[in-house]
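A.B. asks: Please find upload.csv (CSV, C-alpha atoms and all ligand atoms) on the next line:
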```csv
chain,number,residue,atom,x,y,z
A,761,MET,CA,112.0,133.7,108.2
A,762,GLU,CA,110.1,130.6,107.4
A,763,GLU,CA,110.0,128.2,110.3
A,764,LYS,CA,111.8,124.9,109.8
A,765,LYS,CA,109.8,121.7,109.4
A,766,THR,CA,110.1,119.0,112.0
A,767,ILE,CA,111.6,115.6,111.4
A,768,PHE,CA,111.4,112.7,113.9
A,769,SER,CA,112.8,109.2,113.7
A,770,GLY,CA,113.7,106.4,116.0
A,771,VAL,CA,115.7,103.2,116.1
A,772,GLN,CA,115.3,100.3,118.6
A,773,PRO,CA,118.3,99.5,120.8
A,774,SER,CA,118.0,95.8,120.0
A,775,GLY,CA,120.6,93.8,118.2
A,776,THR,CA,123.6,95.6,116.7
A,777,PRO,CA,122.5,98.0,113.9
A,778,SER,CA,123.2,96.7,110.4
A,779,ILE,CA,124.3,98.6,107.3
A,780,GLY,CA,120.6,98.4,106.4
A,781,ASN,CA,119.7,100.6,109.4
A,782,TYR,CA,122.5,102.9,108.4
A,783,LEU,CA,121.9,103.2,104.7
A,784,GLY,CA,118.1,103.2,105.0
A,785,ALA,CA,117.6,105.5,108.0
A,786,ILE,CA,120.5,106.7,110.2
A,787,LYS,CA,122.5,108.2,107.2
A,788,ASN,CA,119.5,110.3,106.2
A,789,MET,CA,118.8,111.3,109.8
A,790,SER,CA,122.3,112.8,109.9
A,791,ALA,CA,122.1,114.4,106.5
A,792,MET,CA,118.7,116.0,107.1
A,793,GLN,CA,119.5,117.7,110.5
A,794,ASP,CA,120.6,120.9,108.9
A,795,GLY,CA,117.5,121.7,107.0
A,796,TYR,CA,114.9,120.7,109.7
A,797,ARG,CA,114.2,120.9,113.4
A,798,SER,CA,115.3,117.3,114.0
A,799,ILE,CA,114.3,115.0,116.9
A,800,TYR,CA,115.9,111.6,117.2
A,801,CYS,CA,114.9,109.0,119.7
A,802,ILE,CA,116.3,105.7,120.9
A,803,VAL,CA,113.1,103.7,121.3
A,804,ASP,CA,113.8,101.4,124.3
A,805,MET,CA,110.1,101.0,125.1
A,806,HIS,CA,109.6,99.5,121.6
A,807,ALA,CA,112.5,97.2,122.1
A,808,ILE,CA,111.0,95.4,125.1
A,809,SER,CA,108.1,94.2,123.0
A,810,VAL,CA,110.4,91.3,122.4
A,811,ARG,CA,112.4,89.8,125.3
A,812,GLN,CA,115.5,91.7,126.2
A,813,GLU,CA,118.2,90.9,128.8
A,814,PRO,CA,118.1,94.1,131.0
A,815,ALA,CA,121.9,94.6,131.3
A,816,GLU,CA,122.2,94.1,127.6
A,817,LEU,CA,119.4,96.6,126.8
A,818,ARG,CA,121.2,99.2,128.9
A,819,GLU,CA,124.4,98.6,127.1
A,820,LYS,CA,122.8,98.6,123.6
A,821,THR,CA,121.0,101.8,124.4
A,822,MET,CA,124.4,103.6,125.1
A,823,LYS,CA,126.0,101.9,122.1
A,824,LEU,CA,123.2,103.2,119.9
A,825,LEU,CA,123.6,106.7,121.3
A,826,ALA,CA,127.3,106.5,120.6
A,827,LEU,CA,126.5,105.3,117.1
A,828,TYR,CA,124.1,108.2,116.4
A,829,LEU,CA,126.8,110.6,117.5
A,830,ALA,CA,129.5,108.8,115.5
A,831,CYS,CA,127.3,109.0,112.4
A,832,GLY,CA,127.3,112.8,112.7
A,833,ILE,CA,124.0,113.4,114.5
A,834,ASP,CA,125.0,116.4,116.4
A,835,PRO,CA,123.4,117.4,119.8
A,836,ALA,CA,123.9,121.0,118.9
A,837,LYS,CA,121.6,120.6,115.9
A,838,SER,CA,119.3,117.8,116.9
A,839,VAL,CA,117.4,116.7,120.0
A,840,ILE,CA,118.7,113.2,120.9
A,841,PHE,CA,116.9,111.3,123.7
A,842,VAL,CA,115.8,108.0,125.1
A,843,GLN,CA,112.1,107.2,124.8
A,844,SER,CA,111.6,106.0,128.3
A,845,HIS,CA,112.9,109.3,129.7
A,846,VAL,CA,109.9,111.2,128.4
A,847,SER,CA,106.8,109.7,130.0
A,848,ALA,CA,104.4,111.6,127.6
A,849,HIS,CA,105.1,108.8,125.0
A,850,ALA,CA,103.4,106.2,127.1
A,851,GLU,CA,100.6,108.6,128.1
A,852,LEU,CA,99.7,109.7,124.6
A,853,ALA,CA,99.9,106.1,123.5
A,854,TRP,CA,97.0,105.2,125.9
A,855,VAL,CA,94.8,107.9,124.4
A,856,LEU,CA,95.6,106.7,120.9
A,857,ASN,CA,94.8,103.1,122.0
A,858,THR,CA,91.3,104.2,122.5
A,859,LEU,CA,91.1,105.5,118.9
A,860,THR,CA,92.6,102.4,117.2
A,861,TYR,CA,90.6,99.4,116.1
A,862,VAL,CA,92.0,96.0,116.9
A,863,GLY,CA,91.5,95.1,113.2
A,864,GLU,CA,93.8,97.8,112.1
A,865,LEU,CA,96.6,96.4,114.3
A,866,ASN,CA,96.0,92.8,113.3
A,867,ARG,CA,96.6,93.8,109.7
A,868,MET,CA,100.1,95.1,110.3
A,869,THR,CA,102.6,92.9,108.4
A,870,GLN,CA,105.4,93.5,111.0
A,871,TYR,CA,103.1,92.2,113.7
A,872,LYS,CA,102.3,89.1,111.7
A,873,ASP,CA,106.1,88.5,111.1
A,874,LYS,CA,106.9,89.1,114.7
A,875,ILE,CA,104.2,86.7,116.1
A,876,ALA,CA,105.5,84.1,113.8
A,877,LYS,CA,109.0,84.6,115.0
A,878,HIS,CA,108.2,85.0,118.7
A,879,SER,CA,105.4,82.5,119.0
A,880,ASP,CA,106.3,81.9,122.7
A,881,ASN,CA,105.8,85.5,123.5
A,882,ILE,CA,102.8,87.0,121.7
A,883,ASN,CA,102.3,89.9,124.1
A,884,ALA,CA,100.0,92.8,123.8
A,885,GLY,CA,103.0,95.1,123.3
A,886,LEU,CA,103.7,93.5,119.9
A,887,LEU,CA,100.2,94.3,118.8
A,888,ASN,CA,100.1,97.8,120.2
A,889,TYR,CA,103.6,98.6,119.0
A,890,PRO,CA,102.5,100.9,116.1
A,891,ILE,CA,100.3,103.0,118.5
A,892,LEU,CA,103.4,103.8,120.6
A,893,MET,CA,105.2,104.7,117.4
A,894,ALA,CA,102.3,107.0,116.4
A,895,SER,CA,102.6,108.6,119.8
A,896,ASP,CA,106.4,109.2,119.3
A,897,ILE,CA,105.7,111.0,116.1
A,898,LEU,CA,102.6,113.0,116.9
A,899,LEU,CA,103.9,114.4,120.2
A,900,TYR,CA,106.4,116.6,118.3
A,901,ASN,CA,104.1,117.8,115.5
A,902,THR,CA,106.3,116.0,113.1
A,903,ASP,CA,106.1,116.8,109.4
A,904,ILE,CA,108.5,114.2,108.1
A,905,VAL,CA,109.7,110.8,109.3
A,906,PRO,CA,112.8,109.4,107.6
A,907,VAL,CA,112.5,105.6,107.7
A,908,GLY,CA,113.1,102.5,105.6
A,909,GLN,CA,110.5,100.8,103.5
A,910,ASP,CA,109.4,98.4,106.3
A,911,GLN,CA,108.0,101.2,108.4
A,912,LYS,CA,105.6,102.6,105.7
A,913,GLN,CA,102.6,100.7,106.9
A,914,HIS,CA,103.2,102.0,110.5
A,915,LEU,CA,103.5,105.5,109.2
A,916,GLU,CA,100.1,105.1,107.4
A,917,LEU,CA,98.6,104.2,110.8
A,918,SER,CA,100.2,107.3,112.4
A,919,ARG,CA,98.6,109.4,109.7
A,920,THR,CA,95.2,107.8,110.2
A,921,LEU,CA,95.3,108.3,114.0
A,922,ALA,CA,96.3,112.0,113.6
A,923,GLU,CA,93.4,112.6,111.2
A,924,ARG,CA,91.0,110.6,113.3
A,925,PHE,CA,91.9,112.6,116.5
A,926,ASN,CA,91.7,115.9,114.5
A,927,SER,CA,88.3,115.2,113.1
A,928,ARG,CA,86.8,113.7,116.3
A,929,TYR,CA,88.0,116.5,118.6
A,930,SER,CA,89.5,119.5,116.7
A,931,PRO,CA,92.7,120.1,114.7
A,932,THR,CA,95.6,119.2,117.0
A,933,PHE,CA,98.2,117.0,115.3
A,934,THR,CA,100.2,117.6,112.2
A,935,VAL,CA,99.7,114.7,109.8
A,936,PRO,CA,103.2,113.2,109.2
A,937,GLU,CA,104.7,112.2,105.8
A,938,PRO,CA,107.2,109.4,105.5
A,939,PHE,CA,110.5,110.1,103.9
A,940,ILE,CA,111.6,106.8,102.3
A,941,PRO,CA,114.8,107.1,100.3
A,942,LYS,CA,114.6,106.2,96.6
A,943,VAL,CA,117.7,104.0,96.9
A,944,GLY,CA,118.5,102.1,100.1
A,945,ALA,CA,115.0,102.0,101.6
A,946,LYS,CA,115.3,98.2,101.7
A,947,ILE,CA,118.8,96.7,101.8
A,948,MET,CA,118.4,93.0,101.3
A,949,SER,CA,119.9,90.0,103.1
A,950,LEU,CA,123.2,88.9,101.7
A,951,SER,CA,122.3,85.2,101.9
A,952,GLU,CA,118.6,85.5,100.7
A,953,PRO,CA,118.5,88.7,98.6
A,954,THR,CA,114.7,88.6,98.3
A,955,LYS,CA,114.4,89.1,102.0
A,956,LYS,CA,115.1,92.4,104.0
A,957,MET,CA,118.5,92.6,105.7
A,958,SER,CA,117.7,92.3,109.4
A,959,LYS,CA,119.9,92.8,112.4
A,960,SER,CA,118.1,90.0,114.2
A,961,ASP,CA,118.7,87.4,111.4
A,962,GLU,CA,119.8,84.1,112.9
A,963,ASN,CA,122.3,83.7,110.1
A,964,GLU,CA,125.2,86.1,110.8
A,965,ASN,CA,126.3,86.0,107.2
A,966,ALA,CA,123.1,87.5,106.1
A,967,PHE,CA,123.9,91.0,107.4
A,968,ILE,CA,126.8,93.4,107.9
A,969,SER,CA,126.7,94.9,111.3
A,970,MET,CA,127.9,98.4,112.0
A,971,THR,CA,130.6,97.0,114.2
A,972,ASP,CA,132.0,94.2,111.9
A,973,ASP,CA,135.7,94.4,111.3
A,974,GLU,CA,137.4,94.5,107.9
A,975,ALA,CA,138.0,90.8,107.6
A,976,THR,CA,134.4,90.0,108.5
A,977,ILE,CA,132.9,92.5,106.1
A,978,MET,CA,135.1,91.1,103.3
A,979,ARG,CA,134.2,87.5,104.1
A,980,LYS,CA,130.5,88.2,104.3
A,981,LEU,CA,130.4,90.1,101.0
A,982,LYS,CA,132.5,87.5,99.3
A,983,ARG,CA,130.0,84.9,100.3
A,984,ALA,CA,127.0,87.0,99.3
A,985,VAL,CA,124.5,85.1,97.1
A,986,THR,CA,124.4,86.4,93.5
A,987,ASP,CA,123.3,84.2,90.6
A,988,SER,CA,124.7,81.9,87.9
A,989,ASP,CA,124.9,84.6,85.2
A,990,THR,CA,127.9,87.0,84.9
A,991,GLU,CA,126.4,90.3,83.9
A,992,ILE,CA,126.5,93.1,86.5
A,993,LYS,CA,123.2,94.8,86.0
A,994,TYR,CA,120.5,96.3,88.3
A,995,THR,CA,117.3,94.4,87.6
A,996,SER,CA,114.6,92.6,89.5
A,997,SER,CA,115.7,89.2,88.1
A,998,LYS,CA,119.1,89.7,89.8
A,999,PRO,CA,118.3,90.6,93.4
A,1000,GLY,CA,121.7,89.7,94.8
A,1001,VAL,CA,123.7,91.7,92.2
A,1002,SER,CA,121.2,94.6,92.5
A,1003,ASN,CA,121.6,94.7,96.3
A,1004,LEU,CA,125.4,94.9,96.0
A,1005,LEU,CA,125.1,97.6,93.4
A,1006,THR,CA,122.8,99.5,95.8
A,1007,ILE,CA,125.2,99.2,98.7
A,1008,TYR,CA,128.2,100.1,96.6
A,1009,SER,CA,126.5,103.2,95.1
A,1010,LEU,CA,125.3,104.5,98.4
A,1011,CYS,CA,128.8,104.1,100.0
A,1012,GLU,CA,130.5,105.7,97.1
A,1013,GLY,CA,127.9,108.5,96.8
A,1014,ILE,CA,127.2,107.7,93.1
A,1015,THR,CA,124.1,106.6,91.2
A,1016,ILE,CA,123.2,103.0,90.4
A,1017,LYS,CA,123.8,103.8,86.8
A,1018,GLN,CA,127.3,105.1,87.5
A,1019,ALA,CA,128.0,102.0,89.6
A,1020,GLU,CA,126.9,99.7,86.7
A,1021,GLU,CA,129.2,101.6,84.4
A,1022,ARG,CA,132.1,101.2,86.7
A,1023,PHE,CA,131.6,97.4,86.8
A,1024,CYS,CA,131.0,97.0,83.1
A,1025,GLY,CA,132.9,94.0,81.9
A,1026,CYS,CA,133.9,93.0,85.5
A,1027,GLY,CA,133.1,89.7,87.2
A,1028,TYR,CA,131.1,89.1,90.4
A,1029,GLU,CA,134.4,88.6,92.4
A,1030,GLU,CA,135.4,92.2,91.7
A,1031,LEU,CA,131.9,93.5,92.5
A,1032,LYS,CA,132.0,91.8,95.8
A,1033,GLU,CA,135.5,92.9,96.7
A,1034,LYS,CA,135.0,96.5,95.7
A,1035,THR,CA,131.7,96.6,97.6
A,1036,ALA,CA,133.4,95.3,100.7
A,1037,GLU,CA,136.1,98.0,100.3
A,1038,SER,CA,133.6,100.8,100.0
A,1039,VAL,CA,131.6,99.5,103.0
A,1040,ILE,CA,134.9,99.4,105.0
A,1041,LYS,CA,135.8,102.9,104.0
A,1042,ILE,CA,132.5,104.2,105.4
A,1043,LEU,CA,132.4,102.1,108.5
A,1044,LYS,CA,135.9,102.4,109.8
A,1045,PRO,CA,135.8,106.1,110.8
A,1046,ILE,CA,132.3,105.6,112.3
A,1047,GLN,CA,133.6,102.6,114.4
A,1048,GLN,CA,136.6,104.6,115.5
A,1049,ARG,CA,134.4,107.6,116.7
A,1050,GLN,CA,131.9,105.3,118.3
A,1051,LYS,CA,134.7,103.7,120.4
A,1052,GLU,CA,136.0,107.1,121.5
A,1053,ILE,CA,132.5,108.3,122.4
A,1054,LEU,CA,131.8,105.2,124.4
A,1055,LEU,CA,134.7,106.0,126.6
A,1056,ASP,CA,133.3,109.4,127.5
A,1057,LYS,CA,130.4,108.4,129.7
A,1058,GLU,CA,130.0,111.9,131.1
A,1059,TYR,CA,129.5,113.4,127.7
A,1060,MET,CA,126.9,110.8,126.8
A,1061,ARG,CA,125.1,111.5,130.1
A,1062,VAL,CA,125.0,115.2,129.4
A,1063,VAL,CA,123.6,114.6,125.8
A,1064,LEU,CA,120.8,112.4,127.2
A,1065,THR,CA,119.9,114.7,130.1
A,1066,GLU,CA,119.7,117.7,127.9
A,1067,GLY,CA,118.0,115.8,125.1
A,1068,ALA,CA,115.3,114.5,127.5
A,1069,GLN,CA,114.7,118.0,128.8
A,1070,LYS,CA,114.2,119.5,125.4
A,1071,ALA,CA,112.0,116.6,124.2
A,1072,GLU,CA,109.9,116.8,127.4
A,1073,ASN,CA,109.2,120.5,127.0
A,1074,ILE,CA,107.7,119.9,123.5
A,1075,ALA,CA,105.9,116.6,124.4
A,1076,ARG,CA,104.3,118.0,127.6
A,1077,LYS,CA,102.6,120.8,125.7
A,1078,THR,CA,101.1,118.5,123.1
A,1079,LEU,CA,100.0,116.1,125.8
A,1080,SER,CA,98.3,118.8,127.8
A,1081,LYS,CA,96.4,119.9,124.7
A,1082,VAL,CA,95.3,116.4,124.1
A,1083,TYR,CA,94.2,115.8,127.7
A,1084,ARG,CA,92.1,119.0,127.6
A,1085,LYS,CA,90.5,118.1,124.3
A,1086,VAL,CA,89.5,114.6,125.4
A,1087,GLY,CA,87.8,116.0,128.5
A,1088,PHE,CA,90.3,115.3,131.3
A,1089,VAL,CA,90.0,117.8,134.2
A,1090,SER,CA,93.1,120.0,134.7
A,1091,ARG,CA,95.1,119.2,137.9
A,1092,THR,CA,95.6,122.9,138.8
B,1101,LIG,P1,114.9,99.1,113.6
B,1101,LIG,O1,116.2,98.4,113.6
B,1101,LIG,O2,113.7,98.1,113.4
B,1101,LIG,O3,114.6,99.9,114.8
B,1101,LIG,O4,114.9,100.0,112.4
B,1101,LIG,C1,115.5,101.3,112.4
B,1101,LIG,C2,115.4,102.0,111.0
B,1101,LIG,O5,116.2,101.3,110.0
B,1101,LIG,C3,114.0,102.0,110.5
B,1101,LIG,O6,113.8,103.3,109.8
B,1101,LIG,C4,113.9,100.9,109.5
B,1101,LIG,O7,113.0,101.2,108.4
B,1101,LIG,C5,115.4,101.0,108.9
B,1101,LIG,N1,115.8,99.7,108.4
B,1101,LIG,C6,115.8,98.5,109.0
B,1101,LIG,N2,116.3,97.5,108.2
B,1101,LIG,C7,116.5,98.1,107.0
B,1101,LIG,C8,117.0,97.6,105.7
B,1101,LIG,N3,117.3,96.3,105.5
B,1101,LIG,N4,117.1,98.5,104.7
B,1101,LIG,C9,116.8,99.8,104.9
B,1101,LIG,N5,116.3,100.3,106.0
B,1101,LIG,C10,116.2,99.5,107.1
B,1102,LIG,N1,109.3,101.1,114.6
B,1102,LIG,C1,110.5,101.6,114.1
B,1102,LIG,C2,111.4,100.4,113.6
B,1102,LIG,O1,111.3,99.3,114.1
B,1102,LIG,C3,111.3,102.4,115.2
B,1102,LIG,C4,110.4,103.6,115.6
B,1102,LIG,C5,109.8,103.7,116.8
B,1102,LIG,C6,110.3,104.8,114.9
B,1102,LIG,N2,109.2,104.9,116.8
B,1102,LIG,C7,109.5,105.6,115.7
B,1102,LIG,C8,110.7,105.2,113.6
B,1102,LIG,C9,109.1,106.9,115.2
B,1102,LIG,C10,110.3,106.4,113.2
B,1102,LIG,C11,109.5,107.3,114.0
B,1102,LIG,O2,112.2,100.6,112.8
```
Turn this file's structure into structure tokens for me.
Ligand code: AMP
Ligand code: TRP
C.D. replies:
Amino acid sequence: MEEKKTIFSGVQPSGTPSIGNYLGAIKNMSAMQDGYRSIYCIVDMHAISVRQEPAELREKTMKLLALYLACGIDPAKSVIFVQSHVSAHAELAWVLNTLTYVGELNRMTQYKDKIAKHSDNINAGLLNYPILMASDILLYNTDIVPVGQDQKQHLELSRTLAERFNSRYSPTFTVPEPFIPKVGAKIMSLSEPTKKMSKSDENENAFISMTDDEATIMRKLKRAVTDSDTEIKYTSSKPGVSNLLTIYSLCEGITIKQAEERFCGCGYEELKEKTAESVIKILKPIQQRQKEILLDKEYMRVVLTEGAQKAENIARKTLSKVYRKVGFVSRT
């Protein structure tokens, strides 16, 4: 039997995940778990690169775990764990730091965006963030990384570091490929549809959070910015309408073309209302399951303990290999 390929992905427990996170990443993480050896992480160490309130970080970590489970990520099929539980992530990151040029980090667009946004806290963690991400991925000999479009540049750096280590020492790491969905890789802001939908947007009307209730979803979508024309068509000159068509088609499980056909001759009001209804249809059962899971603290604890153990077993092996190759003396 052919061995399954490995997929790895992570989401930060900061903010409340948006439908952008869901449609761009979490949905695929859930869909892909049957065909692959899948490892899914809650990257709390990445989250502290911007200031977090400790009690809130703890709460958001558990909420994200419950969301993973509610979205169908199944601990019987996937390894689910919290990054800070497996110390090999920080340890490999140090080794990879010594292989990364500062110039490579300075070029990262997410870093540039973040230092502009958090000008009062330009800490070294923000700069080194993509090295920790490479460490997450490379520890598990990952073949494929399902992410949204915004992570493509970080993935490129992970590939570069894997190749650099392999050529400087000897073949060690699998060079990972990104899996970026053709539709949904970049869900746009509802109020500025040329910008990415971000869960940390100051304007709450710009994104739909995974925990928004029906009335809020309807209100936000009804206020979504479109344009002064009336035609419902997927085209770059209509970013607002195209974004709604994208969201609608993903929630309905149909193509963009089929969505355009459904709305042929309709007005924007109808597009917005129908999109809201299809988002509600997807989110309602997820929200219900997430609530139930959050009540079962013992279950969540078991999932995390077992997940950390499984992740640790794989990660330790890779880290030992790396330590040996760079010339560290063995402890035993
Ligand atoms: P983060 O919230 O930054 O931890 O992102 C978690 C995952 O969601 C990553 O794979 C991102 O690429 C993806 N993602 C974030 N925002 C969007 C968006 N607006 N559209 C599609 N994917 C997104
Ligand atoms: N940097 C990713 C984000 O902000 C989260 C992340 C951390 C990640 N480590 C990862 C994603 C490894 C994929 C694989 O969205």
A.B. asks: Can you work out which residues are within 10 Å of ligand LIG 1101 (chain B), considering all atoms listed in the file, and then hand them over as a ChimeraX atom specification?
C.D. replies: /A:769-789,802-804,806-807,870,905-912,938-941,943-949,955-960,967
A.B. asks: Fewer than 3 positions away in the same chain doesn't count, so skip those; otherwise give me all residues within 6 Å of Cys801 (chain A), counting all atoms listed in the file, as a list in words.
C.D. replies: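 Skipping anything fewer than 3 positions along the chain leaves Gly770, Ile840, Phe841 and Val842 of chain A.
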A.B. asks: If we count only C-alpha atoms and set the cut-off at 7 Å, which residues sit around Leu887 (chain A), ignoring sequence neighbours fewer than 3 positions away in its own chain? Please answer as a ChimeraX atom specification.
C.D. replies: /A:865,871,884
A.B. asks: Find, counting all atoms listed in the file, the residue in A:Ala1036, A:Ile1046, A:Leu899, A:Met805 that gets nearest to His845 (chain A).
C.D. replies: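 Between A:Ala1036, A:Ile1046, A:Leu899, A:Met805, the residue approaching His845 (chain A) most closely is A:Met805.
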A.B. asks: Would you work out the distance separating CA of Ser895 (chain A) from CA of Leu852 (chain A), expressed in Å to one decimal?
C.D. replies: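 CA of Leu852 (chain A) lies 5.7 Å from CA of Ser895 (chain A).
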A.B. asks: Show me the residues close to (105.8, 120.8, 116.1) - anything with an atom within 12 Å, counting only C-alpha atoms - and format the list as number ranges by chain.
C.D. replies: A: 763-768, 796-799, 897-904, 932-936, 1071, 1073-1078
A.B. asks: Choose the residue, out of A:Pro835, A:Gly795, A:Lys1081, A:Tyr861, that has the smallest atom-to-atom separation from Ala1068 (chain A); count all atoms listed in the file.
C.D. replies: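 Closest candidate: A:Pro835.
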A.B. asks: Quick one: pull the distance between CA of Leu825 (chain A) and CA of Ala975 (chain A), Å, one decimal.
C.D. replies: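 CA of Leu825 (chain A) sits 25.5 Å away from CA of Ala975 (chain A).
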A.B. asks: Residues within 9 Å of region 989-1002 of chain A, please, as a count of residues only. Count all atoms listed in the file; anything in the same chain fewer than 5 positions from it doesn't count.
C.D. replies: 19
A.B. asks: Check the smallest atom-to-atom distance from each of A:Val1062, A:Ala876, A:Ala836, A:Met868 to ligand LIG 1102 (chain B) using all atoms listed in the file, then report the winner.
C.D. replies: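 Of all the options, A:Met868 lies closest to ligand LIG 1102 (chain B).
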A.B. asks: Can you work out the spacing between CA of His914 (chain A) and CA of Met893 (chain A) in Å, to one decimal?
C.D. replies: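 Taking CA of His914 (chain A) and CA of Met893 (chain A), their separation equals 7.7 Å.
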A.B. asks: Is it possible to get the residues within 12 Å of (125.6, 108.7, 127.6) (coordinates as in the file, counting only C-alpha atoms) written as a ChimeraX atom specification?
C.D. replies: /A:802,818-829,835,840-842,1050,1053-1068
A.B. asks: Go through A:Lys980, A:Glu1021, A:Ile808, A:Lys1051 and flag the residue nearest Leu1005 (chain A), using all atoms listed in the file for the distances.
C.D. replies: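 Of the candidates, the smallest distance to Leu1005 (chain A) is held by A:Glu1021.
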A.B. asks: Identify which of the residues A:Glu923, A:Glu813, A:Asp834, A:Glu937 lies closest to ligand LIG 1102 (chain B), counting all atoms listed in the file when measuring atom-to-atom distances.
C.D. replies: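 The closest residue to ligand LIG 1102 (chain B) is A:Glu937.
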A.B. asks: Nearest residue to ligand LIG 1102 (chain B) out of A:Lys1034, A:Lys874, A:Arg983, A:Lys1070, using only C-alpha atoms and all ligand atoms?
C.D. replies: A:Lys874
A.B. asks: If we count only C-alpha atoms and set the cut-off at 9 Å, which residues sit around Tyr1083 (chain A), ignoring sequence neighbours fewer than 6 positions away in its own chain? Please answer as a PyMOL selection string.
C.D. replies: chain A and resi 852+855+1089-1090
A.B. asks: Mind writing the picked residues with C-alpha atoms as a PDB file, in the frame of the given file?
C.D. replies:
```
ATOM      1  CA  LEU A 852      99.700 109.700 124.600  1.00  0.00           C
ATOM      2  CA  VAL A 855      94.800 107.900 124.400  1.00  0.00           C
ATOM      3  CA  VAL A1089      90.000 117.800 134.200  1.00  0.00           C
ATOM      4  CA  SER A1090      93.100 120.000 134.700  1.00  0.00           C
TER       5      SER A1090
END
```
